[in-house]
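Structure first, commentary second.
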Amino acid sequence: MGSTEINRCLSLFISGKKNYIALMKEETLIRPRTHGQRWRLPLPKFGRKRQDQVAGRLMGALTLTAALLAPLMALALLLRALPILRVTPLTDLLTGQDWAPLKGLFGFSPFIVGTFWVTGVGMLIAVPPSLLTAIFLAEYARPRLRSLLIPLIDLLAGIPSVVYGIWGILTIVPFIEKVAAPWASRWLGVLPLFRSENPTGYSVLAGGMVLAVMVFPIIISVAEDVIRAVPQGLREASLALGATRWQTIWHVVLKRAGAGVLAAIVLGFSRAFGETMAVLMVVGNVAKVPNSIFDPAYPLTALIANNYGEMMSIPLYDAALLCAALILLLLVLAFNIASRWVLTRLVRYE
Amino acid sequence: MNTKIAIQNLNAYYGKEQALKGIEAQIPAGGITVIVGPSGCGKSTLLRCLNRLLEETNGVRVTGQVLLDGEDIYARKADVTEVRTRVGLLAPKPFPLPMSIYDNVSYGRRIHGLEKLERRNGRSLDRKVEQYLRAAGLWDEVKDRLHDPASGLSTGQQQRLCLARALAVEPEVLLCDEPTSALDPISAQRIEEQLKLLSAETTVVIVSHSLRQARRLADHIIFLWMGNLVESGPSAQMFSAPRDERTRAYLYGDIG
Amino acid sequence: MKRKLTELFAQTLMGLSLLVVIGSLALILGTVIWKGLPALNLAMLTQVPKGGYYLGKEGGILNAIVGSLYLAGGATLLAVVVSLPIALFLQLYANRSRWVQFARLSLDLLFGVPSIVYGAFGFTIMLFLGMRASLLGGILTLTLLELPIMVRGMDESIAMVPQALKESAYALGSTRLETSLKVIVRQTAPGLMTAILLAFGRGIGDAASVLFTAGYTDRLPTSLMDPVASLPLAVFFQLGTPFPAVQQRAYASALVLTVIVLLTSLISRGLTKRLEKHIVR
Ligand SMILES: Nc1ncnc2c1ncn2[C@@H]1O[C@H](COP(=O)(O)OP(=O)(O)OP(=O)(O)O)[C@@H](O)[C@H]1O
Ligand SMILES: [Mg+2]
């Protein structure tokens with residue numbers, strides 16, 4: 001159907017005639033189908049060159065808008081957070097230990113520290129197995145096995161975070177409560193890091209373990225891509241010198257792929273840092289700086305998600321929560337920009 | 001002799017490297033002009049300047065003038081798409097568009113609205129497609145599978161499809177960059193025959209590596225050497241009495 | 001000898017790692033199926049919550065299923081309309097200019113922004129506009145969340161188009177717009193479809209961004225301004241009740257959500273195969 005017909009249908013539609021659909025159908029039915037004639041976009045009728053120019057401008061404007069989205073987000077959150085920043089200086093907010101909205105005390109320190117704890121523990125657990133799996137997939141797995149495993153890894157990436165959360169509640173938390181915590185305080189209890197005073201399994205470790213599984217697929221797929229991109233010639237050169245496969249990987253392949261592997265870890269970290277639902281469900285949500293991996297924690301994301309309901313009823317509460325969102329956003333942006341900066345330098349000096 | 005394309009002081013740069021150095025040449029209307037020269041001398045670069053396709057490569061700069069029927073195609077007000085419609089290109093390796101065989105041939109006609117007039121009398125787009133597929137010597141092989149993906153054709157068939165596709169736009173000039181380099185001898189011969197027939201009405205410019213092919217096809221020769229134009233003229237004269245030392249050396253196989 | 005041992009040791013570690021990764025996947029799917037399947041029944045899929053549903057009485061989660069499909073479907077449609085032009089622009093119109101580099105960087109940064117921040121941002125915008133939590137609010141916020149995912153996927157697949165193919169189209173006198181819509185989109189159709197369905201999967205599974213913006217209700221939405229339920233939040237809220245029977249339903253809801261996401265990725269694979277018909281290599 002050409003644009004003239006569309007226009008006719010539109011004008012019929014606008015003028016209120018009810019049978020415009022019937023008309024549309026009739027028109028399309030009567031038209032003999034010739035090969036290669038397709039429905040065309042009802043673009044306005046001006047020259048092709050003009051069309052191209054206008055489309056280019058529109059697309060450019062759209063791109064620019066999207067590019068300005070991140071600063072815009074920061075600005076909007078900042079505006080909503082201003083009321084609390086006027087009352088309490090930023091440094092006090094960041095270092096304050098007490099969280100008592102009814103008394104007007106908004107200290108973000110336990111939450112920021114909690115976020116870092118959970119993310120840190122998660123990454124410690126996630127990185128070694130992900131990298132080893134990536135190396136296995138890239139270097140050792142036969143094509144058949146690889147094409148079987150890759151979709152499984154993708155599957156893991158697609159599982160929604162509440163499902164991870166449920167899994168955490170049903171398996172990880174009881175495991176920590178019944179097995180890991182008693183065992184650790186028995187054998188490693190001398191170290192404060194492993195001392196357990198928490199009767200439940202809802203803890204930093206639970207959050208970390210769930211996060212670790214969530215970032216497995218991210219690190220694995222990026223790292224595997226990077227490792228596979230290392231030229232075959234390099235491997236052959238090393239193997240020809242009599243090195244074993246592992247020596248080749250360790251000394252040659254990983255050296256070459258180092259920056260990329262680091263980028264994969266960074267990507268995983270930033271995903272873990274901002275994860276909300278899954279962590280919130282297993283981490284205990286106690287607003288205190290944790291001392292041991294078995295202590296509960298309360299990350300920033302969980303703070304925002306848990307309290308959005310009552311935030312309009314207490315003065316400054318909404319400003320405080322949106323300020324927390326702003327802090328989260330700025331931390332993530334800063335981290336990403338910094339890692340990008342470091343990575344470009346690493347690649348340059350390789 | 002009528003001049004179709006006049007090249008005036010044409011320079012082309014890839015980044016800092018200069019690939020064409022002040023080219024001055026005329027391409028006569030009608031007939032076949034063959035650009036020859038050793039590998040890397042700038043033949044493809046020159047060819048792609050003639051329909052402004054070179055500027056699609058990153059980091060390229062072109063200065064100078066290319067007059068098509070007396071009008072500079074590099075002028076500010078020149079319309080790139082119109083230039084490329086009037087001056088078609090057949091690339092060294094065939095690249096069918098991601099659509100059916102039929103749509104590959106009709107694509108150009110449709111975007112340029114050539115078929116709008118024909119819509120009234122029903123099937124004439126079909127006739128045009130048939131006509132150009134025949135012109136490219138492909139019709140008999142594909143007439144039963146017109147709506148299959150073009151990527152399913154053999155390389156030789158794909159190259160002829162690309163020829164049909166270029167012809168369907170009805171260009172005034174057809175540029176061919178080593179049009180037979182990816183083909184077997186029989187397909188190559190077919191393409192050559194088609195180009196020869198075509199040159200009766202259309203100006204054909206061919207880049208060729210093979211002096212034999214040049215001898216067979218050329219009415220006119222342009223000889224390039226390291227980005228410079230060494231010599232150009234009617235092929236009979238070039239082959240029998242080259243004026244330049246380098247041309248002679250190239251013809252007798254000392255360089256290139 | 002030592003080298004042999006190292007090799008063996010490394011291989012063992014790799015095997016164990018693979019076991020951990022694949023084992024986790026099996027454990028997650030196993031848990032959800034094991035716990036969710038017994039509580040799953042037809043009523044859950046076809047009814048909205050009746051009175052006392054959250055105390056263990058009758059009803060189902062149709063409101064959340066429909067809500068999630070509306071939210072993610074609407075957001076994905078909108079995101080396609082915005083992302084495709086952006087990706088085409090980045091690749092075909094202005095591949096190398098300064099501010100396109102800035103746009104790429106900015107979109108990459110957006111990719112890392114947590115979904116709760118999108119939720120908070122959507123919420124502030126809705127406050128500003130005087131909107132209540134609604135289907136529209138949820139769709140718009142999810143659109144923002146899906147945008148960088150989709151643009152990245154599309155950008156990458158358009159970047160793979162051979163230069164010679166673009167030149168073929170230009171050489172026939174196509175404008176950039178025609179090349180984009182008629183050639184590039186066809187050539188990259190499988191990649192675009194993958195990007196779209198990936199974003200859909202992300203959108204439908206995301207809880208944190210709709211928490212603020214879409215609200216929650218037991219009814220089916222009748223207009224864009226109604227609040228709307230979603231599956232992830234249904235899981236979350238049902239799990240929050242103290243009644244085991246309702247928690248069972250949370251597991252079943254999680255199973256439904258997982259199945260939808262898995263189906264999406266299966267469909268993605270199937271469609272990709274079919275769309276490959278015309279592709280030129
Ligand atoms: N994309 C590019 N980037 C940088 N330099 C290029 C590029 N393409 C060509 N060149 C350089 O420009 C010069 C001319 O190249 P051109 O492709 O025109 O040669 P040619 O005569 O067609 O060679 P051949 O017969 O091998 O096809 C060469 O020195 C080449 O190295
Ligand atoms: Mg060449």
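Naming works like this for the structure tokens: A, B, ... for the chains as they're shown, residue 1 at the start of each chain, ligands 1 onward in shown order.
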Q: Extract, using only C-alpha atoms, all DNA, RNA and protein residues at most 8 Å from Val121 (chain A), discarding same-chain residues fewer than 2 positions from it, and format them as a ChimeraX atom specification.
A: /A:117-119,123-125,204-205,208-209
Q: Enumerate residues in contact with ligand 2: an atom-to-atom distance of at most 8 Å, counting only C-alpha atoms and all ligand atoms. Format the result as number ranges by chain.
A: B: 39-40, 42-45, 92, 177-178, 207
For those residues, write N, CA and C atoms to a file as a JSON list (two decimals), in the first residue's frame.
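The file below, part.json, is the result:
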[["chain", "number", "residue", "atom", "x", "y", "z"],
["B", 39, "SER", "N", 50.69, -3.86, -9.83],
["B", 39, "SER", "CA", 49.89, -3.94, -8.60],
["B", 39, "SER", "C", 50.25, -2.82, -7.64],
["B", 40, "GLY", "N", 49.24, -2.24, -7.05],
["B", 40, "GLY", "CA", 49.47, -1.21, -6.06],
["B", 40, "GLY", "C", 49.72, 0.17, -6.65],
["B", 42, "GLY", "N", 47.54, 2.16, -7.98],
["B", 42, "GLY", "CA", 46.44, 3.10, -7.78],
["B", 42, "GLY", "C", 45.28, 2.94, -8.75],
["B", 43, "LYS", "N", 45.22, 1.80, -9.44],
["B", 43, "LYS", "CA", 44.14, 1.60, -10.42],
["B", 43, "LYS", "C", 42.77, 1.60, -9.74],
["B", 44, "SER", "N", 42.64, 0.78, -8.69],
["B", 44, "SER", "CA", 41.34, 0.72, -8.00],
["B", 44, "SER", "C", 40.99, 2.07, -7.39],
["B", 45, "THR", "N", 42.00, 2.72, -6.86],
["B", 45, "THR", "CA", 41.77, 4.02, -6.25],
["B", 45, "THR", "C", 41.20, 4.99, -7.27],
["B", 92, "PRO", "N", 35.49, -6.14, -7.72],
["B", 92, "PRO", "CA", 36.27, -7.33, -8.08],
["B", 92, "PRO", "C", 35.68, -8.62, -7.53],
["B", 177, "ASP", "N", 36.10, -3.16, -11.70],
["B", 177, "ASP", "CA", 37.41, -3.37, -11.09],
["B", 177, "ASP", "C", 37.76, -4.85, -11.18],
["B", 178, "GLU", "N", 38.67, -5.19, -12.06],
["B", 178, "GLU", "CA", 39.05, -6.59, -12.27],
["B", 178, "GLU", "C", 37.81, -7.49, -12.25],
["B", 207, "VAL", "N", 39.38, -1.95, -14.93],
["B", 207, "VAL", "CA", 40.73, -2.12, -14.40],
["B", 207, "VAL", "C", 41.12, -3.55, -14.69]]
Find the nearest atom pair between each residue of chain B and ligand 1 for residues within 9 Å, count only C-alpha atoms and all ligand atoms, give distances in Å to one decimal, sort rows by chain and ascending number, and present the table as CSV.
residue,atom,partner,partner_atom_place_in_ligand_line,distance
B:Ala12,CA,ligand 1,12 (O),8.7
B:Tyr13,CA,ligand 1,12 (O),7.9
B:Tyr14,CA,ligand 1,4 (C),4.8
B:Gly15,CA,ligand 1,4 (C),7.0
B:Glu17,CA,ligand 1,5 (N),7.0
B:Gln18,CA,ligand 1,12 (O),7.3
B:Ala19,CA,ligand 1,12 (O),4.7
B:Leu20,CA,ligand 1,14 (C),7.5
B:Val36,CA,ligand 1,21 (O),8.0
B:Gly37,CA,ligand 1,21 (O),6.6
B:Pro38,CA,ligand 1,25 (O),6.1
B:Ser39,CA,ligand 1,25 (O),3.6
B:Gly40,CA,ligand 1,23 (O),3.4
B:Cys41,CA,ligand 1,21 (O),4.0
B:Gly42,CA,ligand 1,18 (O),3.1
B:Lys43,CA,ligand 1,21 (O),3.7
B:Ser44,CA,ligand 1,22 (O),3.7
B:Thr45,CA,ligand 1,18 (O),3.7
B:Leu46,CA,ligand 1,18 (O),6.5
B:Leu47,CA,ligand 1,18 (O),8.0
B:Arg48,CA,ligand 1,18 (O),8.5
B:Thr57,CA,ligand 1,1 (N),6.4
B:Asn58,CA,ligand 1,1 (N),7.4
B:Gly59,CA,ligand 1,3 (N),7.8
B:Val60,CA,ligand 1,3 (N),7.9
B:Pro92,CA,ligand 1,27 (O),8.9
B:Asp177,CA,ligand 1,22 (O),8.0
B:Glu178,CA,ligand 1,27 (O),7.9
B:Val207,CA,ligand 1,22 (O),7.8
B:Ser208,CA,ligand 1,25 (O),7.7
B:His209,CA,ligand 1,25 (O),6.3
B:Leu224,CA,ligand 1,21 (O),8.0
B:Trp225,CA,ligand 1,21 (O),8.5
B:Met226,CA,ligand 1,29 (O),7.5
B:Gly227,CA,ligand 1,14 (C),7.0
Q: Would you return as a PyMOL selection string the members of region 29-246 of chain B that DSSP assigns to alpha helix (DSSP H) on this structure's backbone?
A: chain B and resi 43-49+80-86+101-111+124-135+139-142+155-168+185-198+211-217+235-240+245-246
Residues as selected, C-alpha atoms, written as an mmCIF file, in the first residue's frame, can you do that?
data_model
loop_
_atom_site.group_PDB
_atom_site.id
_atom_site.type_symbol
_atom_site.label_atom_id
_atom_site.label_comp_id
_atom_site.auth_asym_id
_atom_site.auth_seq_id
_atom_site.Cartn_x
_atom_site.Cartn_y
_atom_site.Cartn_z
ATOM 1 C CA LYS B 43 44.138 1.602 -10.420
ATOM 2 C CA SER B 44 41.340 0.718 -8.000
ATOM 3 C CA THR B 45 41.766 4.020 -6.246
ATOM 4 C CA LEU B 46 41.373 5.927 -9.491
ATOM 5 C CA LEU B 47 38.349 3.866 -10.485
ATOM 6 C CA ARG B 48 36.624 4.403 -7.176
ATOM 7 C CA CYS B 49 37.224 8.139 -7.457
ATOM 8 C CA VAL B 80 26.595 11.814 -4.489
ATOM 9 C CA THR B 81 23.718 9.409 -5.000
ATOM 10 C CA GLU B 82 23.016 10.859 -8.418
ATOM 11 C CA VAL B 83 26.664 10.508 -9.389
ATOM 12 C CA ARG B 84 26.633 6.881 -8.314
ATOM 13 C CA THR B 85 23.406 6.278 -10.191
ATOM 14 C CA ARG B 86 24.902 7.608 -13.390
ATOM 15 C CA ILE B 101 17.871 -12.751 -6.943
ATOM 16 C CA TYR B 102 14.889 -10.861 -8.298
ATOM 17 C CA ASP B 103 15.138 -8.181 -5.636
ATOM 18 C CA ASN B 104 18.857 -7.767 -6.241
ATOM 19 C CA VAL B 105 18.180 -6.772 -9.821
ATOM 20 C CA SER B 106 15.098 -4.700 -9.113
ATOM 21 C CA TYR B 107 16.582 -2.990 -6.046
ATOM 22 C CA GLY B 108 18.191 -0.093 -7.894
ATOM 23 C CA ARG B 109 15.139 0.511 -10.041
ATOM 24 C CA ARG B 110 12.930 0.581 -7.004
ATOM 25 C CA ILE B 111 14.995 2.987 -4.932
ATOM 26 C CA SER B 124 6.998 -4.584 -16.670
ATOM 27 C CA LEU B 125 9.350 -4.652 -13.705
ATOM 28 C CA ASP B 126 9.425 -8.391 -14.228
ATOM 29 C CA ARG B 127 10.298 -7.787 -17.862
ATOM 30 C CA LYS B 128 13.091 -5.416 -16.908
ATOM 31 C CA VAL B 129 14.520 -7.926 -14.481
ATOM 32 C CA GLU B 130 14.446 -10.558 -17.181
ATOM 33 C CA GLN B 131 16.003 -8.204 -19.681
ATOM 34 C CA TYR B 132 18.968 -7.365 -17.466
ATOM 35 C CA LEU B 133 19.476 -10.899 -16.276
ATOM 36 C CA ARG B 134 19.630 -11.893 -19.943
ATOM 37 C CA ALA B 135 22.034 -9.047 -20.637
ATOM 38 C CA TRP B 139 18.690 -15.618 -17.106
ATOM 39 C CA ASP B 140 18.640 -19.247 -18.179
ATOM 40 C CA GLU B 141 20.356 -20.382 -15.012
ATOM 41 C CA VAL B 142 18.120 -18.568 -12.556
ATOM 42 C CA THR B 155 30.691 -17.057 -7.392
ATOM 43 C CA GLY B 156 30.548 -16.743 -11.174
ATOM 44 C CA GLN B 157 26.771 -16.478 -11.102
ATOM 45 C CA GLN B 158 26.965 -13.934 -8.309
ATOM 46 C CA GLN B 159 29.346 -11.811 -10.339
ATOM 47 C CA ARG B 160 26.975 -11.872 -13.302
ATOM 48 C CA LEU B 161 24.128 -11.031 -10.935
ATOM 49 C CA CYS B 162 26.108 -8.018 -9.760
ATOM 50 C CA LEU B 163 26.528 -7.032 -13.407
ATOM 51 C CA ALA B 164 22.768 -7.325 -13.979
ATOM 52 C CA ARG B 165 22.166 -5.350 -10.805
ATOM 53 C CA ALA B 166 24.468 -2.564 -11.962
ATOM 54 C CA LEU B 167 22.969 -2.528 -15.455
ATOM 55 C CA ALA B 168 19.410 -2.391 -14.164
ATOM 56 C CA PRO B 185 37.588 -18.863 -17.750
ATOM 57 C CA ILE B 186 34.108 -19.547 -19.105
ATOM 58 C CA SER B 187 32.298 -17.134 -16.791
ATOM 59 C CA ALA B 188 35.068 -14.624 -17.435
ATOM 60 C CA GLN B 189 34.570 -14.934 -21.158
ATOM 61 C CA ARG B 190 30.836 -14.383 -20.767
ATOM 62 C CA ILE B 191 31.354 -11.246 -18.757
ATOM 63 C CA GLU B 192 33.834 -9.960 -21.313
ATOM 64 C CA GLU B 193 31.365 -10.576 -24.127
ATOM 65 C CA GLN B 194 28.639 -8.753 -22.256
ATOM 66 C CA LEU B 195 30.907 -5.792 -21.584
ATOM 67 C CA LYS B 196 31.882 -5.654 -25.222
ATOM 68 C CA LEU B 197 28.220 -5.609 -26.287
ATOM 69 C CA LEU B 198 27.406 -3.059 -23.661
ATOM 70 C CA LEU B 211 47.534 -7.374 -20.723
ATOM 71 C CA ARG B 212 45.871 -9.977 -22.881
ATOM 72 C CA GLN B 213 42.490 -8.947 -21.610
ATOM 73 C CA ALA B 214 43.400 -5.332 -22.221
ATOM 74 C CA ARG B 215 44.392 -6.171 -25.800
ATOM 75 C CA ARG B 216 41.130 -8.039 -26.360
ATOM 76 C CA LEU B 217 38.841 -5.401 -24.948
ATOM 77 C CA SER B 235 44.932 1.111 -27.517
ATOM 78 C CA ALA B 236 46.226 0.407 -31.009
ATOM 79 C CA GLN B 237 48.806 3.119 -30.652
ATOM 80 C CA MET B 238 49.721 2.166 -27.078
ATOM 81 C CA PHE B 239 50.357 -1.427 -27.925
ATOM 82 C CA SER B 240 52.210 -0.793 -31.164
ATOM 83 C CA GLU B 245 59.960 3.994 -21.521
ATOM 84 C CA ARG B 246 58.006 2.601 -18.531
#
Q. Which residues of chain C are close to chain B, meaning at most 9 Å apart when you count only C-alpha atoms, and how do they look as an NGL selection string?
A. :C and (96 or 163-175 or 178 or 182-184 or 186-187 or 277-281)
Could the residues in this selection be written to a file with N, CA and C atoms, as a short mmCIF file (atom, residue, chain, number, x, y, z; two decimals), in the first residue's frame?
data_model
loop_
_atom_site.label_atom_id
_atom_site.label_comp_id
_atom_site.auth_asym_id
_atom_site.auth_seq_id
_atom_site.Cartn_x
_atom_site.Cartn_y
_atom_site.Cartn_z
N ARG C 96 32.99 8.01 12.89
CA ARG C 96 34.27 8.35 13.49
C ARG C 96 34.34 9.71 14.16
N GLN C 163 32.38 -4.15 4.69
CA GLN C 163 32.42 -2.85 4.03
C GLN C 163 31.98 -2.98 2.58
N ALA C 164 32.38 -4.09 1.93
CA ALA C 164 32.06 -4.26 0.51
C ALA C 164 30.55 -4.31 0.27
N LEU C 165 29.82 -4.84 1.24
CA LEU C 165 28.36 -4.90 1.06
C LEU C 165 27.75 -3.50 1.10
N LYS C 166 28.22 -2.70 2.06
CA LYS C 166 27.74 -1.32 2.11
C LYS C 166 28.06 -0.63 0.81
N GLU C 167 29.30 -0.85 0.34
CA GLU C 167 29.71 -0.17 -0.90
C GLU C 167 28.88 -0.63 -2.08
N SER C 168 28.50 -1.93 -2.09
CA SER C 168 27.63 -2.39 -3.18
C SER C 168 26.37 -1.57 -3.22
N ALA C 169 25.80 -1.33 -2.05
CA ALA C 169 24.56 -0.58 -2.02
C ALA C 169 24.79 0.88 -2.43
N TYR C 170 25.87 1.48 -1.93
CA TYR C 170 26.16 2.86 -2.30
C TYR C 170 26.42 2.98 -3.79
N ALA C 171 27.10 1.97 -4.34
CA ALA C 171 27.47 2.05 -5.76
C ALA C 171 26.24 2.03 -6.65
N LEU C 172 25.12 1.53 -6.14
CA LEU C 172 23.89 1.57 -6.93
C LEU C 172 23.16 2.89 -6.74
N GLY C 173 23.77 3.81 -6.01
CA GLY C 173 23.14 5.10 -5.80
C GLY C 173 22.18 5.14 -4.63
N SER C 174 22.31 4.20 -3.68
CA SER C 174 21.44 4.26 -2.50
C SER C 174 21.89 5.37 -1.59
N THR C 175 20.95 6.00 -0.94
CA THR C 175 21.31 6.93 0.13
C THR C 175 21.63 6.11 1.37
N GLU C 178 18.44 4.49 2.71
CA GLU C 178 18.02 3.30 1.96
C GLU C 178 18.93 2.12 2.25
N LYS C 182 17.12 -1.04 3.84
CA LYS C 182 16.87 -2.14 2.91
C LYS C 182 17.98 -3.16 2.88
N VAL C 183 19.19 -2.75 3.20
CA VAL C 183 20.30 -3.69 3.10
C VAL C 183 20.81 -4.10 4.48
N ILE C 184 21.21 -3.10 5.27
CA ILE C 184 21.85 -3.40 6.55
C ILE C 184 20.89 -4.15 7.48
N ARG C 186 18.41 -6.02 6.76
CA ARG C 186 18.22 -7.40 6.34
C ARG C 186 19.45 -8.26 6.65
N GLN C 187 20.60 -7.68 6.33
CA GLN C 187 21.82 -8.45 6.53
C GLN C 187 22.01 -8.79 8.01
N LYS C 277 18.50 -16.68 6.20
CA LYS C 277 18.31 -17.09 4.81
C LYS C 277 19.04 -16.20 3.80
N HIS C 278 18.86 -14.89 3.94
CA HIS C 278 19.37 -14.01 2.90
C HIS C 278 20.79 -13.49 3.16
N ILE C 279 21.31 -13.85 4.32
CA ILE C 279 22.58 -13.23 4.71
C ILE C 279 23.71 -13.52 3.74
N VAL C 280 24.51 -12.49 3.49
CA VAL C 280 25.66 -12.63 2.60
C VAL C 280 26.92 -12.72 3.43
N ARG C 281 27.76 -13.69 3.10
CA ARG C 281 29.01 -13.77 3.87
C ARG C 281 30.20 -13.44 3.01
#
Q.
Using only C-alpha atoms and a cut-off of 6 Å, which residues of chain C sit close to chain A? Please list them as a list of chain:residue names.
A. C:Glu7, C:Met14, C:Ser17, C:Leu18, C:Ile28, C:Pro85, C:Ile86, C:Ala103, C:Ser106, C:Pro114, C:Val117, C:Leu177, C:Gly205, C:Ala254
Atoms to include: N, CA and C atoms. Write the selected residues as a PDB file, in the first residue's frame.
ATOM      1  N   GLU C   7      50.589 -29.414  34.777  1.00  0.00           N
ATOM      2  CA  GLU C   7      49.560 -29.554  33.735  1.00  0.00           C
ATOM      3  C   GLU C   7      48.345 -30.297  34.283  1.00  0.00           C
ATOM      4  N   MET C  14      40.551 -26.783  36.347  1.00  0.00           N
ATOM      5  CA  MET C  14      39.607 -26.339  35.315  1.00  0.00           C
ATOM      6  C   MET C  14      38.362 -27.216  35.327  1.00  0.00           C
ATOM      7  N   SER C  17      36.255 -26.198  38.205  1.00  0.00           N
ATOM      8  CA  SER C  17      35.581 -24.923  37.962  1.00  0.00           C
ATOM      9  C   SER C  17      34.362 -25.111  37.079  1.00  0.00           C
ATOM     10  N   LEU C  18      34.578 -25.870  36.008  1.00  0.00           N
ATOM     11  CA  LEU C  18      33.467 -26.115  35.100  1.00  0.00           C
ATOM     12  C   LEU C  18      32.325 -26.781  35.850  1.00  0.00           C
ATOM     13  N   ILE C  28      20.284 -24.343  40.372  1.00  0.00           N
ATOM     14  CA  ILE C  28      19.263 -23.291  40.320  1.00  0.00           C
ATOM     15  C   ILE C  28      18.009 -23.804  39.628  1.00  0.00           C
ATOM     16  N   PRO C  85      17.597   3.206  15.239  1.00  0.00           N
ATOM     17  CA  PRO C  85      18.161   4.421  14.637  1.00  0.00           C
ATOM     18  C   PRO C  85      19.499   4.804  15.266  1.00  0.00           C
ATOM     19  N   ILE C  86      19.617   4.633  16.574  1.00  0.00           N
ATOM     20  CA  ILE C  86      20.880   5.021  17.212  1.00  0.00           C
ATOM     21  C   ILE C  86      22.016   4.153  16.694  1.00  0.00           C
ATOM     22  N   ALA C 103      29.224   9.553  22.397  1.00  0.00           N
ATOM     23  CA  ALA C 103      27.947   8.862  22.529  1.00  0.00           C
ATOM     24  C   ALA C 103      28.168   7.384  22.841  1.00  0.00           C
ATOM     25  N   SER C 106      29.224   7.038  26.393  1.00  0.00           N
ATOM     26  CA  SER C 106      28.102   7.291  27.287  1.00  0.00           C
ATOM     27  C   SER C 106      27.158   6.094  27.321  1.00  0.00           C
ATOM     28  N   PRO C 114      23.154   0.407  37.440  1.00  0.00           N
ATOM     29  CA  PRO C 114      22.284  -0.589  38.073  1.00  0.00           C
ATOM     30  C   PRO C 114      20.807  -0.302  37.814  1.00  0.00           C
ATOM     31  N   VAL C 117      18.910   2.171  39.937  1.00  0.00           N
ATOM     32  CA  VAL C 117      19.112   3.586  39.648  1.00  0.00           C
ATOM     33  C   VAL C 117      18.155   4.035  38.544  1.00  0.00           C
ATOM     34  N   LEU C 177      20.098   6.225   4.160  1.00  0.00           N
ATOM     35  CA  LEU C 177      18.841   5.744   4.744  1.00  0.00           C
ATOM     36  C   LEU C 177      18.386   4.467   4.046  1.00  0.00           C
ATOM     37  N   GLY C 205      12.733  -9.846  33.422  1.00  0.00           N
ATOM     38  CA  GLY C 205      13.247 -10.392  34.672  1.00  0.00           C
ATOM     39  C   GLY C 205      13.593  -9.334  35.702  1.00  0.00           C
ATOM     40  N   ALA C 254       8.162 -18.078  40.345  1.00  0.00           N
ATOM     41  CA  ALA C 254       9.538 -18.015  39.861  1.00  0.00           C
ATOM     42  C   ALA C 254       9.733 -19.003  38.717  1.00  0.00           C
TER      43      ALA C 254
END
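Looking only at region 74-162 of chain B, the set that DSSP places in strand (DSSP E) from backbone geometry is B:Val87, B:Gly88, B:Leu89, B:Leu90.
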Q: Pick out the residues sitting within 8 Å of Arg219 (chain C), and hand them over as a list in words; count only C-alpha atoms, and ignore anything fewer than 3 positions along from it in its own chain.
A: Val48, Pro49, Asn63 and Val228 of chain C
Mind writing the picked residues with C-alpha atoms as a PDB file, in the first residue's frame?
ATOM      1  CA  VAL C  48      -6.096 -13.045  39.232  1.00  0.00           C
ATOM      2  CA  PRO C  49      -5.656 -13.065  43.027  1.00  0.00           C
ATOM      3  CA  ASN C  63      -2.213 -10.232  36.872  1.00  0.00           C
ATOM      4  CA  VAL C 228       0.358  -3.017  36.999  1.00  0.00           C
TER       5      VAL C 228
END
**Q.** Atomic separation - CA of Ile116 (chain C) relative to CA of Gln97 (chain A), Å
**A.** 23.1 Å
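As for CA of Val66 (chain C) and CA of Val32 (chain C), they are spaced 21.0 Å apart.
Counting from CA of Thr63 (chain B), the distance to CA of Ile23 (chain B) is 10.5 Å.
Residue neighbourhood of Ala206 (chain A), excluding near-sequence residues (fewer than 4 positions): Val118, Gly122, Gly168, Ile169, Ile172, Val173, Ile176, Gly201, Tyr202, Val210, Leu211, Val279, Val282, Val283, Ile293 and Phe294 of chain A, at 9 Å, using only C-alpha atoms.
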Go ahead and dump the residues you just picked, C-alpha atoms, as a compact mmCIF listing (two decimals), in the first residue's frame.
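Contents of out.txt, freshly written:
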# COMPACT_ATOMS: atom_id res chain seq x y z
CA VAL A 118 29.27 -8.15 49.48
CA GLY A 122 31.34 -12.15 45.52
CA GLY A 168 19.90 -18.32 47.55
CA ILE A 169 17.19 -18.52 50.18
CA ILE A 172 22.79 -21.07 50.06
CA VAL A 173 21.35 -19.64 53.27
CA ILE A 176 25.75 -21.43 55.46
CA GLY A 201 22.60 -17.91 57.27
CA TYR A 202 21.54 -14.50 55.90
CA VAL A 210 24.73 -15.57 44.95
CA LEU A 211 26.49 -12.66 43.28
CA VAL A 279 21.33 -9.67 47.18
CA VAL A 282 19.82 -13.19 51.20
CA VAL A 283 22.07 -10.63 52.82
CA ILE A 293 31.70 -12.80 56.34
CA PHE A 294 29.00 -14.43 58.45
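Restricting the calculation to only C-alpha atoms, the smallest distance between chain A and any of B:Ala78, B:Val204, B:Leu138, B:Ala241 is found for B:Ala78.
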